[in-house]
Amino acid sequence: MIQRIQSFYLFLVAALVLSMLFMPLAGYSNADGNWQFLAMGVYTMADPAQMVLPAWPIAILIALMGLLACISIFLYKNRILQMKFCLFNGLMLVAFYPIFFLYLWVNGKSLAATSSLAAALVIPLVAIILEYMAYRKISQDEQLVRSADRIR
């Protein structure tokens, strides 16, 4: 199962996406203070960090993307379904950006603060590329199996 390169790509997607749950995605600052935008919500930068604004849909979306990547690893016996899962997960990765930037804008307005993006926002882009590479390899496997079926 992990011997196939597409399984490794999907494992990387799952690991990268799930690591976003614990990384700061953006930051806010104004004269009153600084805040961090994590997947769960916006937190103060004070020593006992407190949630100021929740962002549960972002956390649920990230967890769902990681879960779909994990599930698609174990669908290696059903390549067509595995390809569908890869496509759906890729669409969710693309949809992450508009949803995130909507939350970034709304939270920035409510805090009256300027926002700055974190390096963790590159992870969905890398995951999209890895999903595409996995999809191509799964498709090549399916074509190989179909060509072998034609020979018999």
# chains A, B, ... in the order shown; residues from 1 in each chain; ligands from 1
>>> closest_atom_pairs(of="stretch 6-99 of chain A", to="stretch 110-114 of chain A", cutoff="12 Å", atoms="only C-alpha atoms", output="CSV")
residue,atom,partner,partner_atom,distance
A:Ala26,CA,A:Thr114,CA,10.4
A:Gly27,CA,A:Thr114,CA,8.3
A:Tyr28,CA,A:Thr114,CA,5.5
A:Ser29,CA,A:Ala113,CA,5.3
A:Asn30,CA,A:Ala113,CA,4.9
A:Ala31,CA,A:Ala113,CA,8.3
A:Asp32,CA,A:Ala113,CA,8.9
A:Gly33,CA,A:Ala113,CA,9.0
A:Asn34,CA,A:Ala113,CA,8.7
A:Trp35,CA,A:Ala113,CA,9.2
A:Gln36,CA,A:Ala113,CA,11.6
A:Phe37,CA,A:Leu111,CA,11.8
A:Val42,CA,A:Leu111,CA,9.9
A:Tyr43,CA,A:Leu111,CA,11.5
A:Thr44,CA,A:Leu111,CA,11.4
A:Val52,CA,A:Leu111,CA,9.2
A:Leu53,CA,A:Ser110,CA,9.1
>>> residues_around(residues="stretch 58-68 of chain A", least_positions_apart="6", cutoff="10 Å", atoms="only C-alpha atoms", output="PyMOL selection string")
chain A and resi 10-22+38-41+82+85-86+88-93+95-96+99-100+103+124+127
>>> closest_residue(among="A:Ala55, A:Ile80, A:Val94, A:Leu121", to="A:Ser139", atoms="only C-alpha atoms")
A:Ile80
>>> select_by_dssp(residues="stretch 8-89 of chain A", states="helix (DSSP H, G or I)", output="VMD selection string")
chain A and resid 8 to 22 56 to 73 79 to 89
>>> select_by_dssp(residues="chain A", states="strand (DSSP E)", output="compact mmCIF listing (two decimals) with N, CA, C and O atoms, in the first residue's frame")
# COMPACT_ATOMS: atom_id res chain seq x y z
N ALA A 26 -2.12 33.29 9.96
CA ALA A 26 -1.98 34.72 9.73
C ALA A 26 -1.84 35.41 11.08
O ALA A 26 -1.97 34.79 12.14
N GLY A 27 -1.58 36.69 11.02
CA GLY A 27 -1.49 37.49 12.23
C GLY A 27 -2.19 38.82 12.03
O GLY A 27 -2.33 39.31 10.90
N TYR A 28 -2.63 39.40 13.11
CA TYR A 28 -3.27 40.71 13.10
C TYR A 28 -2.53 41.61 14.07
O TYR A 28 -2.05 41.16 15.11
N SER A 29 -2.47 42.89 13.74
CA SER A 29 -1.86 43.83 14.67
C SER A 29 -2.49 45.21 14.51
O SER A 29 -2.88 45.60 13.40
N ASN A 34 -1.64 42.41 19.44
CA ASN A 34 -1.38 41.46 18.35
C ASN A 34 -2.19 40.19 18.57
O ASN A 34 -2.39 39.77 19.71
N TRP A 35 -2.59 39.57 17.48
CA TRP A 35 -3.36 38.34 17.52
C TRP A 35 -2.81 37.37 16.50
O TRP A 35 -2.21 37.77 15.51
N GLN A 36 -3.04 36.08 16.73
CA GLN A 36 -2.67 35.03 15.79
C GLN A 36 -3.93 34.36 15.28
O GLN A 36 -4.84 34.05 16.05
N PHE A 37 -3.95 34.11 13.97
CA PHE A 37 -5.06 33.40 13.37
C PHE A 37 -4.62 31.95 13.19
O PHE A 37 -3.82 31.62 12.33
N GLY A 41 -9.28 29.49 15.45
CA GLY A 41 -9.78 30.85 15.62
C GLY A 41 -8.65 31.84 15.80
O GLY A 41 -7.48 31.53 15.61
N VAL A 42 -9.02 33.06 16.20
CA VAL A 42 -8.06 34.13 16.43
C VAL A 42 -7.77 34.18 17.93
O VAL A 42 -8.69 34.27 18.74
N TYR A 43 -6.48 34.10 18.27
CA TYR A 43 -6.05 34.07 19.67
C TYR A 43 -5.19 35.28 19.99
O TYR A 43 -4.48 35.80 19.13
N THR A 44 -5.24 35.69 21.25
CA THR A 44 -4.37 36.77 21.70
C THR A 44 -2.94 36.27 21.80
O THR A 44 -2.70 35.07 21.94
N MET A 51 -9.06 32.78 23.05
CA MET A 51 -9.70 32.88 21.75
C MET A 51 -10.56 34.14 21.72
O MET A 51 -11.41 34.35 22.58
N VAL A 52 -10.32 34.96 20.71
CA VAL A 52 -11.08 36.20 20.54
C VAL A 52 -12.22 35.97 19.57
O VAL A 52 -13.36 36.35 19.83
N LEU A 53 -11.91 35.34 18.43
CA LEU A 53 -12.92 35.06 17.41
C LEU A 53 -12.78 33.60 16.97
O LEU A 53 -11.69 33.16 16.63
N PRO A 54 -13.86 32.84 16.94
CA PRO A 54 -13.77 31.45 16.50
C PRO A 54 -13.73 31.35 14.98
O PRO A 54 -14.24 32.21 14.27
N THR A 114 -4.63 45.36 10.94
CA THR A 114 -4.04 44.95 9.67
C THR A 114 -3.58 43.50 9.79
O THR A 114 -3.17 43.05 10.85
N SER A 115 -3.66 42.80 8.69
CA SER A 115 -3.32 41.38 8.72
C SER A 115 -2.01 41.12 8.00
O SER A 115 -1.62 41.86 7.10
N SER A 116 -1.36 40.07 8.41
CA SER A 116 -0.15 39.60 7.74
C SER A 116 -0.26 38.09 7.59
O SER A 116 -0.70 37.40 8.51
N LEU A 117 0.13 37.58 6.44
CA LEU A 117 0.00 36.16 6.16
C LEU A 117 1.21 35.39 6.68
O LEU A 117 2.31 35.92 6.74
>>> closest_residue(among="A:Phe8, A:Trp56, A:Phe101, A:Tyr76", to="A:Ile138", atoms="only C-alpha atoms")
A:Tyr76
